[in-house]
file entry_22.txt (compact mmCIF, C-alpha atoms)
# COMPACT_ATOMS: atom_id res chain seq x y z
CA MET A 6 -97.11 10.10 -54.46
CA ALA A 7 -93.39 10.86 -54.36
CA VAL A 8 -90.37 10.51 -56.59
CA LEU A 9 -87.79 8.39 -54.78
CA PRO A 10 -84.00 8.72 -55.18
CA LEU A 11 -82.45 6.12 -57.51
CA VAL A 12 -79.65 3.81 -56.42
CA VAL A 13 -76.95 3.71 -59.10
CA ALA A 14 -74.34 0.97 -59.60
CA PRO A 15 -71.95 0.18 -58.18
CA ASP A 16 -73.86 0.22 -54.90
CA PRO A 17 -73.91 -2.81 -52.57
CA ARG A 18 -77.70 -2.47 -52.07
CA LEU A 19 -78.19 -3.54 -55.70
CA LYS A 20 -76.40 -6.84 -55.05
CA LYS A 21 -78.54 -7.98 -52.09
CA LYS A 22 -81.45 -10.39 -52.40
CA ALA A 23 -84.71 -8.62 -51.50
CA LEU A 24 -87.02 -10.00 -48.82
CA PRO A 25 -90.55 -11.29 -49.53
CA VAL A 26 -93.58 -9.11 -48.85
CA GLU A 27 -96.05 -10.63 -46.37
CA ARG A 28 -99.07 -8.97 -47.96
CA VAL A 29 -99.92 -6.02 -50.17
CA ASP A 30 -101.35 -3.49 -47.74
CA ASP A 31 -101.63 0.31 -47.86
CA THR A 32 -97.90 0.71 -47.13
CA ILE A 33 -96.90 -1.56 -50.04
CA ARG A 34 -99.51 0.06 -52.32
CA LYS A 35 -98.02 3.49 -51.54
CA GLN A 36 -94.56 2.09 -52.28
CA MET A 37 -95.81 0.73 -55.62
CA ASP A 38 -97.38 4.10 -56.49
CA ASP A 39 -94.22 6.01 -55.52
CA MET A 40 -92.07 3.59 -57.50
CA LEU A 41 -94.30 4.02 -60.56
CA GLU A 42 -94.05 7.81 -60.28
CA THR A 43 -90.25 7.51 -59.92
CA MET A 44 -90.05 5.22 -62.96
CA TYR A 45 -92.02 7.73 -65.06
CA ALA A 46 -89.90 10.65 -63.82
CA GLU A 47 -86.77 8.76 -64.94
CA ASN A 48 -88.30 7.68 -68.28
CA GLY A 49 -88.06 4.01 -67.34
CA MET A 50 -90.12 0.99 -68.31
CA GLY A 51 -89.67 -0.95 -65.08
CA LEU A 52 -88.37 -0.45 -61.56
CA ALA A 53 -87.55 -2.80 -58.69
CA ALA A 54 -87.55 -1.88 -54.99
CA PRO A 55 -83.75 -2.26 -54.57
CA GLN A 56 -83.31 0.45 -57.22
CA VAL A 57 -84.85 2.95 -54.79
CA GLY A 58 -83.06 1.58 -51.71
CA LEU A 59 -85.87 -0.70 -50.49
CA SER A 60 -85.14 -4.36 -49.79
CA ASN A 61 -88.47 -5.98 -50.51
CA ARG A 62 -89.74 -7.96 -53.48
CA VAL A 63 -91.78 -5.30 -55.27
CA ILE A 64 -91.62 -4.31 -58.95
CA VAL A 65 -93.58 -1.96 -61.19
CA MET A 66 -93.66 -1.77 -64.98
CA ASP A 67 -95.40 0.06 -67.80
CA ILE A 68 -94.56 -1.54 -71.13
CA ALA A 69 -96.72 0.74 -73.29
CA ARG A 70 -95.09 2.78 -76.03
CA LYS A 71 -95.54 6.56 -75.79
CA GLU A 72 -98.51 6.63 -78.17
CA GLU A 73 -100.30 3.73 -76.41
CA ALA A 74 -102.52 3.63 -73.35
CA PRO A 75 -100.60 2.62 -70.19
CA LYS A 76 -99.98 -1.11 -69.62
CA ILE A 77 -99.15 -0.99 -65.92
CA PHE A 78 -98.10 -3.93 -63.76
CA LYS A 79 -97.58 -3.71 -59.99
CA MET A 80 -96.25 -6.93 -58.47
CA ALA A 81 -95.14 -8.18 -55.08
CA ASN A 82 -93.14 -11.39 -54.74
CA PRO A 83 -93.00 -12.07 -58.50
CA GLU A 84 -91.55 -15.44 -59.38
CA ILE A 85 -90.96 -17.27 -62.62
CA VAL A 86 -92.88 -20.56 -62.46
CA TRP A 87 -92.20 -21.61 -66.06
CA GLU A 88 -89.93 -20.49 -68.87
CA SER A 89 -89.85 -21.45 -72.52
CA PRO A 90 -86.85 -23.26 -73.96
CA GLU A 91 -86.78 -20.64 -76.74
CA ILE A 92 -84.24 -17.88 -76.08
CA LYS A 93 -84.43 -14.33 -77.43
CA SER A 94 -81.89 -11.55 -77.38
CA TYR A 95 -82.94 -7.98 -76.56
CA GLU A 96 -81.04 -4.76 -76.02
CA GLU A 97 -81.47 -3.82 -72.37
CA GLY A 98 -80.69 -0.74 -70.35
CA CYS A 99 -81.25 0.09 -66.71
CA LEU A 100 -81.97 3.16 -64.60
CA SER A 101 -79.36 1.90 -62.10
CA VAL A 102 -76.75 1.49 -64.86
CA PRO A 103 -77.27 4.80 -66.65
CA GLU A 104 -76.21 5.30 -70.26
CA TYR A 105 -75.23 1.67 -70.90
CA TYR A 106 -77.08 -0.79 -73.13
CA ALA A 107 -76.27 -4.34 -74.16
CA GLU A 108 -77.81 -7.40 -75.79
CA VAL A 109 -79.01 -9.90 -73.17
CA GLU A 110 -80.37 -13.38 -73.88
CA ARG A 111 -83.40 -14.52 -71.90
CA PRO A 112 -86.25 -17.04 -72.24
CA ALA A 113 -88.69 -15.74 -74.87
CA THR A 114 -91.79 -16.58 -72.79
CA VAL A 115 -92.26 -16.91 -69.03
CA LYS A 116 -95.12 -17.58 -66.66
CA ILE A 117 -95.09 -15.33 -63.59
CA ARG A 118 -96.88 -15.77 -60.25
CA PHE A 119 -97.20 -12.67 -58.05
CA ILE A 120 -99.37 -10.79 -55.58
CA ASP A 121 -101.19 -7.89 -57.24
CA TYR A 122 -102.13 -4.41 -55.98
CA GLU A 123 -105.28 -5.81 -54.35
CA ASN A 124 -103.35 -8.56 -52.49
CA GLU A 125 -104.62 -11.29 -54.86
CA ILE A 126 -102.35 -14.06 -56.16
CA ARG A 127 -102.18 -13.91 -59.96
CA GLU A 128 -100.43 -15.74 -62.78
CA ILE A 129 -99.70 -14.34 -66.21
CA GLU A 130 -97.83 -15.56 -69.25
CA ALA A 131 -95.48 -12.97 -70.66
CA ASP A 132 -93.66 -12.74 -73.96
CA GLY A 133 -91.99 -9.98 -75.95
CA VAL A 134 -91.17 -6.76 -74.08
CA LEU A 135 -93.16 -7.81 -70.99
CA ALA A 136 -91.14 -11.04 -70.68
CA VAL A 137 -87.85 -9.13 -70.96
CA CYS A 138 -88.92 -6.42 -68.52
CA VAL A 139 -90.30 -8.75 -65.85
CA GLN A 140 -87.21 -10.99 -65.97
CA HIS A 141 -84.96 -7.91 -65.74
CA GLU A 142 -86.87 -6.61 -62.69
CA ILE A 143 -86.96 -10.02 -60.98
CA ASP A 144 -83.18 -10.16 -61.47
CA HIS A 145 -82.94 -6.93 -59.45
CA LEU A 146 -84.84 -8.61 -56.60
CA ASN A 147 -82.18 -11.34 -56.65
CA GLY A 148 -79.23 -8.92 -56.64
CA VAL A 149 -78.51 -9.36 -60.35
CA LEU A 150 -77.96 -6.51 -62.84
CA PHE A 151 -78.32 -6.89 -66.60
CA ILE A 152 -74.55 -6.38 -66.92
CA ASP A 153 -74.09 -9.58 -64.88
CA HIS A 154 -75.36 -11.44 -67.97
CA LEU A 155 -72.48 -10.05 -70.07
CA SER A 156 -68.97 -11.40 -70.47
CA SER A 157 -66.66 -10.55 -67.58
CA LEU A 158 -64.66 -8.26 -69.90
CA LYS A 159 -67.70 -6.17 -70.91
CA ARG A 160 -69.04 -6.16 -67.36
CA ASN A 161 -65.70 -5.01 -65.91
CA ILE A 162 -65.37 -2.19 -68.47
CA ILE A 163 -68.85 -0.88 -67.66
CA THR A 164 -68.27 -1.23 -63.90
CA ARG A 165 -64.97 0.69 -64.08
CA LYS A 166 -66.69 3.50 -66.01
CA LEU A 167 -69.52 3.63 -63.44
CA VAL A 168 -67.00 3.83 -60.55
CA LYS A 169 -65.15 6.63 -62.35
CA ALA A 170 -68.41 8.52 -63.03
CA LYS A 171 -69.38 8.24 -59.34
CA LYS A 172 -65.97 9.54 -58.22
CA THR A 173 -66.15 12.43 -60.68
CA ALA A 174 -69.65 13.34 -59.52
CA ALA A 175 -68.52 13.26 -55.86
CA GLU A 176 -65.47 15.53 -56.39
CA PRO A 177 -65.91 19.07 -55.10
CA VAL A 178 -66.01 21.80 -57.71
CA ALA A 179 -63.03 24.18 -57.46
CA SER A 180 -63.96 27.83 -57.08

call {"tool": "encode", "arguments": {"input": "entry_22.txt", "output": "structure tokens"}}
result
Amino acid sequence: MAVLPLVVAPDPRLKKKALPVERVDDTIRKQMDDMLETMYAENGMGLAAPQVGLSNRVIVMDIARKEEAPKIFKMANPEIVWESPEIKSYEEGCLSVPEYYAEVERPATVKIRFIDYENEIREIEADGVLAVCVQHEIDHLNGVLFIDHLSSLKRNIITRKLVKAKKTAAEPVAS
């Protein structure tokens, strides 16, 4: 397994819609494993392929708290097939939008259809943290960041700070 480099906003790759996976084969399984290792290395809870520069519809998640056994999900082509009318607000963050957190409203419960690690079609109903995480990661596959759910004022402030941080990081150090 390998830790992959993260793509950080603003980067045009994060705004593109990812392409479907034909089947989960050894190549996709290796990608899922590498993404999971990358997510753990970055202390994340979920990761989508575009966040590591790959344009396919693959996500990984582990929603367990530190003291719990892992609750790992590896999904290809995840899609929301049903969502509850009830809306919940959660504070979200993102490995591709480092150091920023904001309240985002999403359906409280969703039903997801996806292809699993063994290339089987599955459906699960998700609520709580899993529902938030899976919706957040599916957004990435559609070129949407959590900050896109915020008001344009908040989104623009965060985006300007991210651009400034990228410029500062790219400036050569004077010797």

call {"tool": "closest_atom_pairs", "arguments": {"input": "entry_22.txt", "of": "segment 37-88 of chain A", "to": "segment 111-132 of chain A", "cutoff": "10 Å", "atoms": "all atoms listed in the file", "output": "Markdown table"}}
result
| residue | atom | partner | partner_atom | distance |
| --- | --- | --- | --- | --- |
| A:Met37 | CA | A:Tyr122 | CA | 8.2 |
| A:Asp38 | CA | A:Tyr122 | CA | 9.8 |
| A:Arg62 | CA | A:Phe119 | CA | 9.9 |
| A:Val63 | CA | A:Ile120 | CA | 9.4 |
| A:Phe78 | CA | A:Asp121 | CA | 8.2 |
| A:Lys79 | CA | A:Tyr122 | CA | 6.1 |
| A:Met80 | CA | A:Asp121 | CA | 5.2 |
| A:Ala81 | CA | A:Ile120 | CA | 5.0 |
| A:Asn82 | CA | A:Phe119 | CA | 5.4 |
| A:Pro83 | CA | A:Phe119 | CA | 4.3 |
| A:Glu84 | CA | A:Arg118 | CA | 5.4 |
| A:Ile85 | CA | A:Ile117 | CA | 4.7 |
| A:Val86 | CA | A:Lys116 | CA | 5.6 |
| A:Trp87 | CA | A:Lys116 | CA | 5.0 |
| A:Glu88 | CA | A:Val115 | CA | 4.3 |

call {"tool": "atom_distance", "arguments": {"input": "entry_22.txt", "atom1": "atom CA of Asp39 of chain A", "atom2": "atom CA of Asp153 of chain A"}}
result
27.1 Å

call {"tool": "closest_residue", "arguments": {"input": "entry_22.txt", "among": "A:Lys71, A:Lys35, A:Lys22, A:His154", "to": "Tyr106 of chain A", "atoms": "only C-alpha atoms"}}
result
A:His154

call {"tool": "atom_distance", "arguments": {"input": "entry_22.txt", "atom1": "atom CA of Glu27 of chain A", "atom2": "atom CA of Leu52 of chain A"}}
result
19.8 Å

call {"tool": "closest_residue", "arguments": {"input": "entry_22.txt", "among": "A:Met50, A:Leu100, A:Ala174, A:Leu155", "to": "Val134 of chain A", "atoms": "all atoms listed in the file"}}
result
A:Met50

call {"tool": "atom_distance", "arguments": {"input": "entry_22.txt", "atom1": "atom CA of Ile162 of chain A", "atom2": "atom CA of Val65 of chain A"}}
result
29.1 Å

call {"tool": "closest_residue", "arguments": {"input": "entry_22.txt", "among": "A:Cys99, A:Ala23, A:Leu146, A:Val57", "to": "Leu9 of chain A", "atoms": "all atoms listed in the file"}}
result
A:Val57

call {"tool": "closest_residue", "arguments": {"input": "entry_22.txt", "among": "A:Val12, A:Met40, A:Ala46, A:Leu19", "to": "Leu150 of chain A", "atoms": "all atoms listed in the file"}}
result
A:Leu19

call {"tool": "residues_around", "arguments": {"input": "entry_22.txt", "residues": "Val102 of chain A", "least_positions_apart": "6", "cutoff": "9 Å", "atoms": "all atoms listed in the file", "output": "list in words"}}
result
Val13, Ala14, Pro15, Leu150, Phe151, Ile152, Ile163, Thr164 and Leu167 of chain A

call {"tool": "closest_residue", "arguments": {"input": "entry_22.txt", "among": "A:Leu24, A:Ile33, A:Val168, A:Leu11", "to": "Gly58 of chain A", "atoms": "all atoms listed in the file"}}
result
A:Leu11

call {"tool": "closest_residue", "arguments": {"input": "entry_22.txt", "among": "A:Gly98, A:Pro55, A:Lys76, A:Arg28", "to": "Asp16 of chain A", "atoms": "only C-alpha atoms"}}
result
A:Pro55

call {"tool": "decode", "arguments": {"input": "entry_22.txt", "residues": "segment 137-173 of chain A", "atoms": "N, CA and C atoms", "output": "mmCIF file, in the first residue's frame"}}
result
data_model
loop_
_atom_site.group_PDB
_atom_site.id
_atom_site.type_symbol
_atom_site.label_atom_id
_atom_site.label_comp_id
_atom_site.auth_asym_id
_atom_site.auth_seq_id
_atom_site.Cartn_x
_atom_site.Cartn_y
_atom_site.Cartn_z
ATOM 1 N N VAL A 137 -23.531 11.513 6.939
ATOM 2 C CA VAL A 137 -22.819 12.762 6.650
ATOM 3 C C VAL A 137 -21.587 12.464 5.795
ATOM 4 N N CYS A 138 -20.802 11.493 6.232
ATOM 5 C CA CYS A 138 -19.546 11.171 5.562
ATOM 6 C C CYS A 138 -19.784 10.705 4.125
ATOM 7 N N VAL A 139 -20.725 9.803 3.919
ATOM 8 C CA VAL A 139 -20.943 9.277 2.575
ATOM 9 C C VAL A 139 -21.471 10.370 1.642
ATOM 10 N N GLN A 140 -22.334 11.255 2.146
ATOM 11 C CA GLN A 140 -22.822 12.350 1.304
ATOM 12 C C GLN A 140 -21.686 13.316 0.955
ATOM 13 N N HIS A 141 -20.820 13.591 1.931
ATOM 14 C CA HIS A 141 -19.666 14.470 1.721
ATOM 15 C C HIS A 141 -18.758 13.882 0.635
ATOM 16 N N GLU A 142 -18.477 12.576 0.714
ATOM 17 C CA GLU A 142 -17.581 11.940 -0.252
ATOM 18 C C GLU A 142 -18.225 11.832 -1.632
ATOM 19 N N ILE A 143 -19.523 11.546 -1.695
ATOM 20 C CA ILE A 143 -20.215 11.520 -2.990
ATOM 21 C C ILE A 143 -20.189 12.913 -3.616
ATOM 22 N N ASP A 144 -20.323 13.955 -2.806
ATOM 23 C CA ASP A 144 -20.192 15.325 -3.326
ATOM 24 C C ASP A 144 -18.862 15.487 -4.055
ATOM 25 N N HIS A 145 -17.774 14.984 -3.458
ATOM 26 C CA HIS A 145 -16.459 15.087 -4.111
ATOM 27 C C HIS A 145 -16.482 14.460 -5.494
ATOM 28 N N LEU A 146 -17.160 13.324 -5.636
ATOM 29 C CA LEU A 146 -17.233 12.648 -6.934
ATOM 30 C C LEU A 146 -17.984 13.477 -7.961
ATOM 31 N N ASN A 147 -18.803 14.409 -7.483
ATOM 32 C CA ASN A 147 -19.589 15.283 -8.356
ATOM 33 C C ASN A 147 -18.977 16.679 -8.473
ATOM 34 N N GLY A 148 -17.746 16.851 -7.993
ATOM 35 C CA GLY A 148 -17.066 18.137 -8.104
ATOM 36 C C GLY A 148 -17.552 19.176 -7.114
ATOM 37 N N VAL A 149 -18.116 18.730 -5.996
ATOM 38 C CA VAL A 149 -18.670 19.632 -4.989
ATOM 39 C C VAL A 149 -17.869 19.502 -3.693
ATOM 40 N N LEU A 150 -17.469 20.637 -3.128
ATOM 41 C CA LEU A 150 -16.790 20.666 -1.830
ATOM 42 C C LEU A 150 -17.789 21.079 -0.759
ATOM 43 N N PHE A 151 -17.501 20.752 0.491
ATOM 44 C CA PHE A 151 -18.443 21.122 1.557
ATOM 45 C C PHE A 151 -18.631 22.627 1.626
ATOM 46 N N ILE A 152 -17.618 23.398 1.252
ATOM 47 C CA ILE A 152 -17.762 24.867 1.294
ATOM 48 C C ILE A 152 -18.749 25.372 0.235
ATOM 49 N N ASP A 153 -19.036 24.542 -0.772
ATOM 50 C CA ASP A 153 -20.034 24.924 -1.781
ATOM 51 C C ASP A 153 -21.447 24.939 -1.197
ATOM 52 N N HIS A 154 -21.628 24.341 -0.023
ATOM 53 C CA HIS A 154 -22.927 24.359 0.653
ATOM 54 C C HIS A 154 -23.103 25.607 1.526
ATOM 55 N N LEU A 155 -22.046 26.410 1.650
ATOM 56 C CA LEU A 155 -22.086 27.598 2.497
ATOM 57 C C LEU A 155 -22.567 28.801 1.702
ATOM 58 N N SER A 156 -22.825 29.894 2.401
ATOM 59 C CA SER A 156 -23.191 31.136 1.710
ATOM 60 C C SER A 156 -22.021 31.575 0.844
ATOM 61 N N SER A 157 -22.311 32.328 -0.207
ATOM 62 C CA SER A 157 -21.229 32.768 -1.096
ATOM 63 C C SER A 157 -20.202 33.605 -0.343
ATOM 64 N N LEU A 158 -20.627 34.369 0.646
ATOM 65 C CA LEU A 158 -19.694 35.189 1.433
ATOM 66 C C LEU A 158 -18.704 34.294 2.183
ATOM 67 N N LYS A 159 -19.213 33.312 2.923
ATOM 68 C CA LYS A 159 -18.330 32.409 3.679
ATOM 69 C C LYS A 159 -17.423 31.623 2.738
ATOM 70 N N ARG A 160 -18.002 31.124 1.651
ATOM 71 C CA ARG A 160 -17.233 30.346 0.689
ATOM 72 C C ARG A 160 -16.105 31.186 0.083
ATOM 73 N N ASN A 161 -16.404 32.419 -0.288
ATOM 74 C CA ASN A 161 -15.389 33.285 -0.897
ATOM 75 C C ASN A 161 -14.273 33.630 0.088
ATOM 76 N N ILE A 162 -14.609 33.840 1.353
ATOM 77 C CA ILE A 162 -13.586 34.123 2.371
ATOM 78 C C ILE A 162 -12.636 32.939 2.497
ATOM 79 N N ILE A 163 -13.196 31.741 2.618
ATOM 80 C CA ILE A 163 -12.371 30.540 2.763
ATOM 81 C C ILE A 163 -11.518 30.330 1.511
ATOM 82 N N THR A 164 -12.117 30.503 0.330
ATOM 83 C CA THR A 164 -11.382 30.303 -0.923
ATOM 84 C C THR A 164 -10.220 31.285 -1.036
ATOM 85 N N ARG A 165 -10.453 32.552 -0.694
ATOM 86 C CA ARG A 165 -9.365 33.548 -0.736
ATOM 87 C C ARG A 165 -8.227 33.149 0.201
ATOM 88 N N LYS A 166 -8.560 32.661 1.390
ATOM 89 C CA LYS A 166 -7.526 32.244 2.344
ATOM 90 C C LYS A 166 -6.758 31.031 1.823
ATOM 91 N N LEU A 167 -7.450 30.099 1.159
ATOM 92 C CA LEU A 167 -6.780 28.930 0.584
ATOM 93 C C LEU A 167 -5.827 29.335 -0.543
ATOM 94 N N VAL A 168 -6.254 30.280 -1.393
ATOM 95 C CA VAL A 168 -5.401 30.777 -2.481
ATOM 96 C C VAL A 168 -4.157 31.436 -1.889
ATOM 97 N N LYS A 169 -4.359 32.257 -0.869
ATOM 98 C CA LYS A 169 -3.235 32.940 -0.223
ATOM 99 C C LYS A 169 -2.266 31.926 0.401
ATOM 100 N N ALA A 170 -2.801 30.907 1.069
ATOM 101 C CA ALA A 170 -1.957 29.883 1.692
ATOM 102 C C ALA A 170 -1.154 29.127 0.637
ATOM 103 N N LYS A 171 -1.765 28.848 -0.529
ATOM 104 C CA LYS A 171 -1.056 28.148 -1.600
ATOM 105 C C LYS A 171 0.068 29.009 -2.161
ATOM 106 N N LYS A 172 -0.212 30.317 -2.340
ATOM 107 C CA LYS A 172 0.822 31.228 -2.844
ATOM 108 C C LYS A 172 1.975 31.329 -1.866
ATOM 109 N N THR A 173 1.662 31.442 -0.585
ATOM 110 C CA THR A 173 2.691 31.547 0.459
ATOM 111 C C THR A 173 3.540 30.297 0.481
#
